[in-house]
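Participant: Below you'll find data_7.cif; it's mmCIF, C-alpha atoms.
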```
data_work
#
loop_
_atom_site.label_atom_id
_atom_site.label_comp_id
_atom_site.auth_asym_id
_atom_site.auth_seq_id
_atom_site.Cartn_x
_atom_site.Cartn_y
_atom_site.Cartn_z
CA TRP A 1 -2.56 10.65 14.80
CA ASP A 2 -1.69 8.35 11.87
CA GLU A 3 -2.86 5.23 13.73
CA ALA A 4 -6.11 6.91 14.78
CA ILE A 5 -6.95 8.03 11.22
CA PHE A 6 -6.09 4.62 9.75
CA LEU A 7 -8.20 2.80 12.33
CA GLY A 8 -11.09 5.23 11.88
CA CYS A 9 -11.10 4.89 8.08
CA SER A 10 -11.00 1.10 8.43
CA ALA A 11 -13.94 1.08 10.84
CA VAL A 12 -15.92 3.28 8.44
CA GLY A 13 -14.98 1.01 5.52
CA THR A 14 -16.20 -2.07 7.39
CA ALA A 15 -19.50 -0.42 8.32
CA VAL A 16 -20.02 0.73 4.74
CA PHE A 17 -19.28 -2.79 3.44
CA VAL A 18 -21.94 -4.28 5.73
CA CYS A 19 -24.49 -1.73 4.47
CA TRP A 20 -23.73 -2.62 0.85
CA TRP A 21 -23.87 -6.32 1.69
CA LEU A 22 -27.31 -5.98 3.27
CA GLY A 23 -28.53 -3.73 0.46
CA VAL A 24 -29.26 -0.79 2.76
CA TYR A 25 -26.91 1.65 1.08
CA TRP A 26 -29.30 4.51 1.85
CA MET A 27 -28.29 4.14 5.50
CA ILE A 28 -24.59 4.79 4.90
CA THR A 29 -24.53 8.58 4.97
CA PRO A 30 -27.00 9.00 7.89
CA LEU A 31 -25.11 6.41 9.96
CA LEU A 32 -21.76 8.09 9.29
CA LEU A 33 -23.15 11.50 10.19
CA LEU A 34 -24.69 10.06 13.35
CA GLY A 35 -21.42 8.38 14.28
CA LEU A 36 -19.49 11.59 13.63
CA TRP A 37 -21.85 13.49 15.93
CA TYR A 38 -21.80 10.83 18.67
CA PHE A 39 -18.06 10.14 18.71
CA TRP A 40 -16.94 13.69 17.91
CA GLN A 41 -13.89 14.81 19.84
CA PRO A 42 -11.81 17.95 19.41
CA LEU A 43 -9.14 17.27 16.81
CA ASP A 44 -6.25 17.61 19.23
CA TRP A 45 -4.10 15.43 17.00
CA CYS A 46 -4.06 18.10 14.28
CA GLY A 47 -1.29 19.92 16.13
CA ALA A 48 0.88 16.80 15.93
CA VAL A 49 0.73 16.64 12.13
CA ARG A 50 3.76 18.04 10.35
CA ILE A 51 3.70 18.15 6.55
CA HIS A 52 7.16 18.72 5.08
CA TRP A 53 7.57 20.93 2.02
CA VAL A 54 8.89 17.90 0.06
CA VAL A 55 5.60 16.13 0.76
CA LEU A 56 3.66 19.20 -0.36
CA LEU A 57 5.56 19.28 -3.66
CA ALA A 58 4.85 15.59 -4.23
CA SER A 59 1.17 16.15 -3.45
CA ILE A 60 0.96 18.66 -6.32
CA PHE A 61 1.62 15.84 -8.78
CA GLY A 62 -0.77 13.63 -6.88
CA LEU A 63 -3.47 16.28 -7.19
CA MET A 64 -2.97 16.44 -10.96
CA GLN A 65 -3.19 12.66 -11.07
CA ALA A 66 -6.36 12.56 -8.97
CA LEU A 67 -8.14 15.18 -11.07
CA SER A 68 -7.17 13.64 -14.42
CA PRO A 69 -9.19 10.89 -16.17
CA ALA A 70 -8.05 7.36 -15.33
CA VAL A 71 -6.31 5.59 -18.22
CA GLU A 72 -4.55 2.65 -16.53
CA THR A 73 -6.06 -0.77 -17.21
CA ASP A 74 -6.49 -1.84 -13.57
CA ALA A 75 -7.98 1.54 -12.70
CA VAL A 76 -10.57 1.33 -15.48
CA TYR A 77 -11.54 -2.34 -15.11
CA TYR A 78 -11.13 -2.89 -11.36
CA HIS A 79 -10.41 0.03 -9.03
CA LEU A 80 -13.09 2.23 -10.57
CA ALA A 81 -15.33 -0.33 -12.27
CA ILE A 82 -16.21 -2.28 -9.12
CA PRO A 83 -17.16 0.79 -7.01
CA GLN A 84 -19.19 2.14 -9.92
CA LYS A 85 -21.11 -1.12 -10.32
CA ILE A 86 -21.74 -1.31 -6.56
CA ALA A 87 -23.00 2.28 -6.49
CA GLU A 88 -25.28 1.71 -9.48
CA ALA A 89 -26.65 -1.65 -8.28
CA GLY A 90 -26.98 -0.69 -4.61
CA VAL A 91 -25.49 -4.04 -3.55
CA LEU A 92 -22.13 -5.80 -3.68
CA VAL A 93 -21.05 -7.38 -6.96
CA GLY A 94 -18.84 -10.41 -7.48
CA GLY A 95 -18.87 -14.05 -8.52
CA TYR A 96 -17.66 -15.57 -11.77
CA MET A 97 -18.85 -12.63 -13.90
CA GLN A 98 -17.22 -10.01 -11.64
CA PRO A 99 -14.38 -11.89 -9.90
CA ASN A 100 -12.59 -8.73 -8.72
CA GLY A 101 -15.72 -7.84 -6.76
CA SER A 102 -15.25 -10.97 -4.64
CA ARG A 103 -11.94 -9.79 -3.26
CA PRO A 104 -11.93 -8.28 0.25
CA ALA A 105 -14.08 -5.17 -0.18
CA LEU A 106 -12.83 -2.96 2.64
CA LEU A 107 -11.76 -0.28 0.15
CA SER A 108 -14.16 -1.10 -2.66
CA GLY A 109 -17.22 -0.52 -0.47
CA LEU A 110 -15.83 2.78 0.76
CA ASP A 111 -14.91 3.76 -2.81
CA ALA A 112 -18.49 3.03 -3.92
CA TRP A 113 -19.79 5.44 -1.28
CA LEU A 114 -17.25 8.06 -2.41
CA TRP A 115 -18.39 7.48 -6.00
CA MET A 116 -21.96 8.26 -4.99
CA LEU A 117 -20.86 11.48 -3.30
CA GLY A 118 -18.23 12.86 -5.69
CA GLY A 119 -17.76 10.53 -8.63
CA GLU A 120 -14.49 9.14 -9.96
CA ARG A 121 -12.32 12.04 -8.77
CA SER A 122 -13.23 11.56 -5.11
CA ILE A 123 -11.53 8.14 -5.07
CA GLY A 124 -8.27 9.58 -6.39
CA LEU A 125 -8.40 12.43 -3.86
CA PHE A 126 -8.94 9.92 -1.04
CA ARG A 127 -5.87 7.97 -2.17
CA LEU A 128 -3.88 11.20 -2.33
CA ALA A 129 -4.85 12.00 1.26
CA LEU A 130 -3.65 8.54 2.35
CA GLY A 131 -0.41 9.04 0.40
CA VAL A 132 0.27 12.39 2.09
CA MET A 133 -0.51 10.71 5.41
CA LEU A 134 1.99 7.91 4.67
CA MET A 135 4.78 10.29 3.64
CA SER A 136 4.19 12.60 6.61
CA SER A 137 4.15 9.66 9.01
CA PHE A 138 7.32 8.26 7.44
CA LEU A 139 9.17 11.54 7.84
CA GLN A 140 7.88 12.17 11.35
CA ARG A 141 8.75 8.70 12.64
CA SER A 142 11.99 8.00 10.73
CA LYS A 143 13.44 11.55 10.48
CA SER A 144 15.02 10.38 7.20
CA ILE A 145 14.82 12.74 4.24
CA PHE A 146 16.99 10.33 2.27
CA GLY A 147 14.48 7.53 2.78
CA LEU A 148 11.65 9.79 1.62
CA LEU A 149 13.65 10.77 -1.48
CA LEU A 150 14.15 7.08 -2.28
CA LEU A 151 10.37 6.67 -2.32
CA LEU A 152 9.63 9.85 -4.27
CA GLY A 153 12.38 9.14 -6.78
CA SER A 154 10.78 5.81 -7.69
CA TYR A 155 8.22 5.72 -10.51
CA SER A 156 6.25 2.84 -9.00
CA PHE A 157 5.68 4.76 -5.76
CA ILE A 158 4.92 8.25 -6.98
CA ILE A 159 2.59 7.03 -9.75
CA GLU A 160 0.30 5.72 -7.01
CA LEU A 161 -0.19 9.18 -5.48
CA GLY A 162 -3.61 10.33 -6.55
CA GLY A 163 -4.22 7.04 -8.36
CA THR A 164 -7.02 4.62 -7.62
CA GLY A 165 -5.02 1.53 -6.64
CA HIS A 166 -4.83 -0.16 -3.24
CA ASN A 167 -1.05 -0.13 -2.87
CA ILE A 168 -0.65 3.13 -0.93
CA PRO A 169 -3.27 2.11 1.70
CA ALA A 170 -1.62 -1.33 1.91
CA ALA A 171 1.82 0.26 2.41
CA LEU A 172 0.36 2.52 5.11
CA GLY A 173 -1.08 -0.52 6.88
CA CYS A 174 2.25 -2.37 6.86
CA TRP A 175 4.04 0.76 8.07
CA LEU A 176 1.70 1.27 11.03
CA THR A 177 1.66 -2.44 11.89
CA TRP A 178 5.44 -2.33 12.28
CA TRP A 179 5.25 0.63 14.65
CA ALA A 180 2.47 -1.03 16.62
CA SER A 181 4.80 -4.00 17.14
CA ARG A 182 7.37 -1.60 18.65
CA LYS A 183 4.88 -0.78 21.42
CA ARG A 184 4.37 -4.43 22.39
CA SER A 185 0.71 -4.05 21.56
CA TRP A 186 -0.31 -7.47 20.26
CA LEU A 187 -3.97 -6.39 20.07
CA ILE A 188 -3.26 -3.38 17.83
CA VAL A 189 -0.83 -5.44 15.75
CA GLY A 190 -3.55 -8.02 15.14
CA ILE A 191 -6.14 -5.39 14.24
CA PHE A 192 -3.80 -3.48 11.90
CA ALA A 193 -2.56 -6.69 10.27
CA GLY A 194 -6.11 -7.90 9.67
CA ILE A 195 -7.10 -4.54 8.20
CA THR A 196 -4.01 -4.48 5.97
CA LEU A 197 -4.67 -7.98 4.62
CA SER A 198 -8.26 -6.92 4.00
CA ILE A 199 -6.88 -4.19 1.76
CA LYS A 200 -4.46 -6.34 -0.22
CA TYR A 201 -3.29 -9.94 0.20
CA THR A 202 0.15 -9.10 -1.21
CA THR A 203 1.01 -7.63 2.20
CA PHE A 204 1.16 -11.16 3.66
CA GLY A 205 4.97 -11.45 3.44
CA VAL A 206 5.61 -8.17 5.26
CA LEU A 207 3.04 -8.95 7.95
CA LEU A 208 4.45 -12.44 8.44
CA GLY A 209 7.87 -10.86 8.90
CA ILE A 210 6.46 -8.53 11.57
CA LEU A 211 4.89 -11.50 13.35
CA LEU A 212 8.15 -13.47 13.29
CA PHE A 213 10.71 -10.73 13.85
CA GLY A 214 8.91 -7.57 14.95
CA MET A 215 7.08 -8.95 17.98
CA GLU A 216 10.12 -10.03 19.95
CA ARG A 217 8.71 -8.44 23.10
CA CYS A 218 5.51 -10.49 22.89
CA SER A 219 5.09 -14.03 24.17
CA LEU A 220 4.06 -16.91 21.93
CA ARG A 221 0.55 -16.71 23.37
CA GLU A 222 0.29 -13.02 22.48
CA ARG A 223 1.51 -13.69 18.95
CA LEU A 224 -1.06 -16.43 18.47
CA SER A 225 -3.72 -14.07 19.82
CA SER A 226 -2.69 -11.56 17.15
CA VAL A 227 -3.06 -14.25 14.50
CA GLY A 228 -6.52 -15.07 15.89
CA ILE A 229 -7.59 -11.44 15.51
CA VAL A 230 -6.31 -11.40 11.93
CA LEU A 231 -8.29 -14.55 11.09
CA LEU A 232 -11.38 -13.11 12.75
CA LEU A 233 -11.22 -9.97 10.59
CA LEU A 234 -10.56 -11.96 7.42
CA ALA A 235 -13.50 -14.24 8.22
CA LEU A 236 -15.85 -11.45 7.16
CA TRP A 237 -14.70 -11.62 3.54
CA CYS A 238 -14.52 -15.43 3.53
CA ALA A 239 -18.06 -15.67 4.95
CA ARG A 240 -19.36 -13.43 2.20
CA ASN A 241 -17.87 -15.69 -0.48
CA LEU A 242 -19.20 -18.82 1.22
CA LEU A 243 -22.71 -17.38 1.35
CA ASP A 244 -22.39 -16.61 -2.36
CA GLY A 245 -21.54 -20.28 -3.01
CA LEU A 246 -17.88 -19.55 -3.78
CA ASN A 247 -14.53 -20.67 -2.45
CA PRO A 248 -13.66 -18.58 0.64
CA MET A 249 -10.50 -17.39 -1.14
CA PHE A 250 -12.22 -16.69 -4.46
CA PRO A 251 -11.05 -15.44 -6.96
CA TYR A 252 -7.56 -16.58 -5.97
CA LEU A 253 -8.82 -20.14 -5.51
CA GLY A 254 -11.90 -22.01 -6.62
CA TRP A 255 -12.17 -21.59 -10.37
CA SER A 256 -10.54 -22.96 -13.48
CA GLU A 257 -8.89 -19.73 -14.59
CA SER A 258 -5.39 -18.81 -13.40
CA PHE A 259 -5.79 -15.60 -11.43
CA GLN A 260 -2.05 -14.91 -11.13
CA SER A 261 0.42 -15.35 -13.97
CA LEU A 262 3.87 -15.87 -12.47
CA GLU A 263 5.67 -16.06 -15.82
CA LYS A 264 4.13 -12.88 -17.19
CA TYR A 265 6.28 -10.36 -15.31
CA GLY A 266 10.02 -9.94 -14.86
CA VAL A 267 12.88 -11.46 -16.85
CA GLY A 268 12.60 -15.12 -15.86
CA ARG A 269 12.11 -17.39 -12.88
CA GLY A 270 15.17 -19.65 -13.01
CA TRP A 271 17.50 -19.87 -10.03
CA LYS A 272 19.93 -17.45 -11.65
CA ASP A 273 17.11 -14.99 -12.36
CA LEU A 274 15.90 -15.16 -8.77
CA LEU A 275 19.38 -14.61 -7.38
CA MET A 276 19.92 -11.66 -9.70
CA LEU A 277 16.43 -10.26 -9.08
CA PRO A 278 17.57 -7.22 -6.99
CA TRP A 279 19.97 -6.20 -9.77
CA ASN A 280 17.54 -6.95 -12.60
CA ILE A 281 14.69 -5.04 -11.00
CA LEU A 282 16.83 -1.89 -10.70
CA ILE A 283 18.62 -2.07 -14.05
CA TYR A 284 16.25 -3.76 -16.51
CA ALA A 285 12.81 -2.70 -15.24
CA GLU A 286 10.59 -0.90 -17.75
CA THR A 287 7.47 1.11 -17.06
CA ASP A 288 5.73 0.22 -20.33
CA SER A 289 6.36 -3.52 -20.63
CA TYR A 290 5.91 -6.69 -18.57
CA ARG A 291 9.58 -6.45 -17.61
CA PHE A 292 8.61 -5.65 -14.01
CA LEU A 293 6.08 -3.04 -15.28
CA GLY A 294 7.52 -0.24 -13.16
CA ALA A 295 10.77 1.31 -11.98
CA LEU A 296 12.68 2.05 -8.78
CA HIS A 297 15.35 4.66 -8.23
CA PRO A 298 18.89 3.29 -8.79
CA LEU A 299 19.92 4.45 -5.30
CA TRP A 300 17.97 1.52 -3.87
CA ILE A 301 21.05 -0.50 -4.79
CA ALA A 302 22.72 0.96 -1.68
CA LEU A 303 20.13 -0.64 0.60
CA PRO A 304 22.30 -3.65 1.63
CA PHE A 305 24.93 -1.27 3.01
CA PHE A 306 22.40 0.13 5.46
CA PHE A 307 21.63 -3.30 6.85
CA VAL A 308 24.90 -3.15 8.75
CA ARG A 309 23.51 -0.25 10.78
CA THR A 310 19.95 -1.58 10.95
CA ARG A 311 18.40 -3.56 13.76
CA ARG A 312 18.22 -7.23 12.91
CA ARG A 313 14.47 -7.28 13.54
CA LEU A 314 13.76 -4.78 10.78
CA TRP A 315 16.20 -6.59 8.50
CA GLY A 316 14.23 -9.82 9.05
CA VAL A 317 10.92 -8.12 8.20
CA VAL A 318 12.34 -6.66 4.97
CA LEU A 319 13.89 -9.99 3.98
CA CYS A 320 10.63 -11.86 4.63
CA GLY A 321 8.68 -9.39 2.52
CA TRP A 322 11.26 -9.67 -0.26
CA LEU A 323 11.12 -13.48 -0.31
CA PHE A 324 7.32 -13.35 -0.58
CA PHE A 325 7.63 -10.95 -3.51
CA THR A 326 10.20 -13.24 -5.13
CA ALA A 327 7.76 -16.17 -4.94
CA GLY A 328 4.93 -14.18 -6.55
CA PRO A 329 4.55 -12.21 -9.78
CA HIS A 330 7.55 -9.93 -10.33
CA TRP A 331 5.48 -6.79 -10.72
CA ILE A 332 7.06 -3.89 -8.84
CA ARG A 333 3.62 -2.74 -7.75
CA HIS A 334 3.43 -5.79 -5.46
CA LEU A 335 6.66 -4.65 -3.81
CA LEU A 336 5.18 -1.29 -2.80
CA PRO A 337 3.89 -2.32 0.68
CA LEU A 338 7.49 -3.20 1.60
CA LEU A 339 9.14 0.01 0.35
CA PRO A 340 8.50 2.31 3.36
CA LEU A 341 9.96 -0.26 5.75
CA ALA A 342 12.90 -0.83 3.39
CA ALA A 343 13.48 2.94 3.29
CA LEU A 344 13.35 2.97 7.10
CA THR A 345 16.68 1.11 7.12
CA CYS A 346 18.28 4.39 6.00
CA ALA A 347 17.13 6.23 9.13
CA SER A 348 20.32 5.46 11.05
CA TRP A 349 22.52 7.03 8.36
CA LYS A 350 23.85 10.47 9.33
CA PRO A 351 25.72 11.74 6.26
CA SER A 352 28.31 14.48 6.29
CA PRO A 353 27.68 17.54 4.10
CA ILE A 354 29.92 16.12 1.36
CA GLN A 355 28.21 12.71 1.50
CA TRP A 356 24.80 14.36 1.38
CA SER A 357 25.79 16.52 -1.61
CA MET A 358 27.06 13.50 -3.55
CA THR A 359 23.97 11.48 -2.68
CA LEU A 360 21.67 14.30 -3.77
CA LEU A 361 23.57 14.61 -7.07
CA ILE A 362 23.18 10.86 -7.75
CA TRP A 363 19.49 11.09 -6.84
CA ILE A 364 18.98 13.93 -9.32
CA LEU A 365 20.82 12.01 -12.06
CA GLY A 366 18.69 8.91 -11.48
CA THR A 367 15.39 10.75 -11.35
CA PRO A 368 14.73 11.35 -15.10
CA HIS A 369 14.49 7.59 -15.76
CA ASN A 370 11.67 7.41 -13.20
CA TRP A 371 9.94 10.73 -13.79
CA ASN A 372 9.92 10.97 -17.59
CA PRO A 373 7.17 8.31 -17.95
CA ILE A 374 5.17 10.14 -15.25
CA VAL A 375 5.36 13.46 -17.09
CA LYS A 376 4.27 11.79 -20.33
CA GLY A 377 1.43 10.06 -18.51
CA VAL A 378 0.18 13.30 -16.97
CA GLU A 379 0.30 14.98 -20.37
CA LEU A 380 -1.75 12.13 -21.86
CA GLN A 381 -4.29 12.32 -19.04
CA LEU A 382 -4.66 16.09 -19.35
CA ARG A 383 -5.24 15.75 -23.08
CA SER A 384 -7.86 13.09 -22.53
#
```
For this file, write the structure as structure tokens.
Facilitator:
Amino acid sequence: WDEAIFLGCSAVGTAVFVCWWLGVYWMITPLLLLGLWYFWQPLDWCGAVRIHWVVLLASIFGLMQALSPAVETDAVYYHLAIPQKIAEAGVLVGGYMQPNGSRPALLSGLDAWLWMLGGERSIGLFRLALGVMLMSSFLQRSKSIFGLLLLLGSYSFIIELGGTGHNIPAALGCWLTWWASRKRSWLIVGIFAGITLSIKYTTFGVLLGILLFGMERCSLRERLSSVGIVLLLLALWCARNLLDGLNPMFPYLGWSESFQSLEKYGVGRGWKDLLMLPWNILIYAETDSYRFLGALHPLWIALPFFFVRTRRRLWGVVLCGWLFFTAGPHWIRHLLPLLPLAALTCASWKPSPIQWSMTLLIWILGTPHNWNPIVKGVELQLRS
């Protein structure tokens, strides 16, 4: 059910993007209604969906977040601004005056359509639905409550529920791409990987890890075929930039301004800082400064101990994603696509009642550091 919904939303997003690109936005709703009528099938998958009570509790916060006014900088100037401008202009925006609009627009085009239908709040509600889908899929596939608590106890994950960012959809894409690789389905892996990169380029490290370590049952030819599908899907966004007279990878390449500031985030980029990065990111991260600009639950420090029980393939994927994060800006938000797969390493742990009680106590003690900024943020949003 999770793969079907993800693939369906991606197909809709691509069709909506093409309509915006051609300037025929008035065709979006009729085409979607026609497609829904033509391809309608009984929702047999609904019986397979299981939403745990922990997920329901987390969704309550996400609902408050989605219905509150956006105050975060990226939300105001990118995640909401670009869909609003597209909806008002009736065509795609981008170029040197609107560089964020030249990024892959799989989500932005869909968000613009949602803006036309329900305004700003509809985008947050859509992200909340994807977040609930990710958490439900994680629990159903991993059977690990501890892994889910690691995610929900982390500020940088839960703040995305009901937000307007692209990190939850990107994490969902990486999660489903990994499980597609378990089925030896090189075609689905290629499609999911191309879709995920079309959502956010920061997923490259995780997807590269899946290609190298997660497709052990596939031949070299099948792996290269998956790469070809990824490049074919990405060609849509590159072609759009080329037709606009821009670098295919604009705004990441092709202009004088530095689009990514590596020195801006974290506590340094020397060899010692990079080696100590796992410790620094758990101990010194702050939610209101450029010192990683986020927070993770302290229990993530136990992750290396689970690698002993974890399959080497998953360990390789996590390590590849971590190295890619290390090479980029040390903003915890960019680590989010890796977190569900990192939490999956805990699935093999079967704690005794005493171990579970001690773990739950430590989780509760570490939660205030992550949740206090969230409570203050919700209070600020409700006041605004």
Participant: Please return, as number ranges by chain, all polymer residues that have at least one atom within 12 Å of the point (1.0, 10.3, -13.8); use all atoms listed in the file and the file's own coordinate frame.
Facilitator: A: 58-72, 124, 155-164, 287, 370-382
Participant: Suppose a student applies the PyMOL selection byres ((chain A and resi 318-330) around 6) to this structure; what residues should they get, written as a PyMOL selection string?
Facilitator: chain A and resi 205-206+209+262+265-266+292+315-317+331
Participant: One number please: CA of Gly101 (chain A) to CA of Trp21 (chain A), in Å, one decimal.
Facilitator: 11.8 Å
Participant: Give me the result of the PyMOL selection byres ((chain A and resi 364) around 12) on this file, residue by residue, as number ranges by chain.
Facilitator: A: 149-150, 152-154, 297-299, 357-363, 365-371
Participant: Could you give me, as a ChimeraX atom specification, the residues within 9 Å of Gln84 (chain A), counting all atoms listed in the file and dropping anything in the same chain fewer than 3 positions from it?
Facilitator: /A:80-81,87-89,111-112,115-116,119-120
Participant: Convert the output of the PyMOL selection byres ((chain A and resi 250) around 9) on the shown file into explicit residues, formatted as a list in words.
Facilitator: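 The output of the PyMOL selection byres ((chain A and resi 250) around 9) on this file is Gly95, Pro99, Ser102, Arg103, Cys238, Asn241, Leu246, Asn247, Pro248, Met249, Pro251, Tyr252, Leu253, Gly254 and Trp255 of chain A.
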Participant: Quote the spacing between CA of Ser144 (chain A) and CA of Trp186 (chain A) in Å to one decimal place.
Facilitator: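 That distance, rounded to one decimal, is 26.9 Å.
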Participant: Provide the CA of Gly245 (chain A) to CA of Val24 (chain A) distance in Å, to one decimal place.
Facilitator: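 A separation of 21.7 Å between them.
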Participant: Please provide the set of residues having any atom within 6 Å of region 11-20 of chain A, restricted to all atoms listed in the file, with same-chain residues fewer than 2 positions apart removed, written as a list in words.
Facilitator: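 The filter keeps Gly8, Cys9, Leu22, Gly23, Val24, Tyr25, Val91, Leu92, Leu106, Gly109 and Leu110 of chain A.
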Participant: Adding 4 Å on each side of the box along x, y and z that holds all listed atoms of region 152-160 of chain A, could you give its centre and edge lengths in Å to one decimal, as JSON?
Facilitator:
```
{"center_x": 6.3, "center_y": 6.3, "center_z": -7.4, "size_x": 20.1, "size_y": 15.0, "size_z": 14.2}
```
Participant: Using only C-alpha atoms, which of the listed residues (A:Trp113, A:Trp179, A:Phe192, A:Trp271) sits closest to Gly214 (chain A)?
Facilitator: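 Closest to Gly214 (chain A) of all the choices is A:Trp179.
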Participant: Residues near Gly228 (chain A), anyone? I mean within 12 Å using only C-alpha atoms, not counting same-chain ones fewer than 4 positions away, as a list in words.
Facilitator: Trp186, Leu187, Val189, Gly190, Ile191, Ala193, Gly194, Arg221, Glu222, Arg223, Leu224, Leu232, Leu233, Leu234 and Ala235 of chain A
Participant: Looking at A:Leu335, A:Leu220, A:Val230, A:Val267, which one is nearest to Ile195 (chain A), with distances taken over only C-alpha atoms?
Facilitator: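 Among the listed residues, the smallest separation from Ile195 (chain A) belongs to A:Val230.
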Participant: Rank A:Trp237, A:Ile332, A:Arg312, A:Trp26 by their smallest atom-to-atom distance to Leu277 (chain A), using all atoms listed in the file, and report the top residue only.
Facilitator: A:Ile332
Participant: Quick one: of A:Arg182, A:Ile188, A:Leu114, A:His166, who's nearest to Pro83 (chain A), counting only C-alpha atoms?
Facilitator: A:Leu114
Participant: Counting all atoms listed in the file, what is within 9 Å of His52 (chain A), bar same-chain residues fewer than 4 positions away, as a PDB file with C-alpha atoms, in the frame of the given file?
Facilitator:
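Result saved to result.pdb:
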```
ATOM      1  CA  LEU A  56       3.660  19.200  -0.360  1.00  0.00           C
ATOM      2  CA  LEU A  57       5.560  19.280  -3.660  1.00  0.00           C
ATOM      3  CA  MET A 135       4.780  10.290   3.640  1.00  0.00           C
ATOM      4  CA  SER A 136       4.190  12.600   6.610  1.00  0.00           C
ATOM      5  CA  LEU A 139       9.170  11.540   7.840  1.00  0.00           C
TER       6      LEU A 139
END
```
Participant: For region 356-369 of chain A, supply N, CA and C atoms and report the output as a short mmCIF file (atom, residue, chain, number, x, y, z; two decimals), in the frame of the given file.
Facilitator:
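The file below, part_18.cif, is the result:
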```cif
data_model
loop_
_atom_site.label_atom_id
_atom_site.label_comp_id
_atom_site.auth_asym_id
_atom_site.auth_seq_id
_atom_site.Cartn_x
_atom_site.Cartn_y
_atom_site.Cartn_z
N TRP A 356 26.16 13.98 1.74
CA TRP A 356 24.80 14.36 1.38
C TRP A 356 24.76 15.02 0.01
N SER A 357 25.74 15.85 -0.30
CA SER A 357 25.79 16.52 -1.61
C SER A 357 25.96 15.50 -2.73
N MET A 358 26.85 14.52 -2.53
CA MET A 358 27.06 13.50 -3.55
C MET A 358 25.82 12.63 -3.72
N THR A 359 25.19 12.29 -2.62
CA THR A 359 23.97 11.48 -2.68
C THR A 359 22.86 12.21 -3.42
N LEU A 360 22.70 13.50 -3.11
CA LEU A 360 21.67 14.30 -3.77
C LEU A 360 21.94 14.41 -5.27
N LEU A 361 23.22 14.54 -5.66
CA LEU A 361 23.57 14.61 -7.07
C LEU A 361 23.21 13.30 -7.78
N ILE A 362 23.52 12.17 -7.15
CA ILE A 362 23.18 10.86 -7.75
C ILE A 362 21.67 10.70 -7.84
N TRP A 363 20.95 11.18 -6.82
CA TRP A 363 19.49 11.09 -6.84
C TRP A 363 18.92 11.89 -8.00
N ILE A 364 19.45 13.09 -8.22
CA ILE A 364 18.98 13.93 -9.32
C ILE A 364 19.27 13.26 -10.67
N LEU A 365 20.46 12.67 -10.80
CA LEU A 365 20.82 12.01 -12.06
C LEU A 365 19.95 10.78 -12.34
N GLY A 366 19.51 10.11 -11.29
CA GLY A 366 18.69 8.91 -11.48
C GLY A 366 17.22 9.18 -11.59
N THR A 367 16.81 10.42 -11.35
CA THR A 367 15.39 10.75 -11.35
C THR A 367 14.75 10.77 -12.73
N PRO A 368 15.40 11.30 -13.78
CA PRO A 368 14.73 11.35 -15.10
C PRO A 368 14.20 10.01 -15.59
N HIS A 369 14.94 8.92 -15.33
CA HIS A 369 14.49 7.59 -15.76
C HIS A 369 13.14 7.23 -15.13
#
```
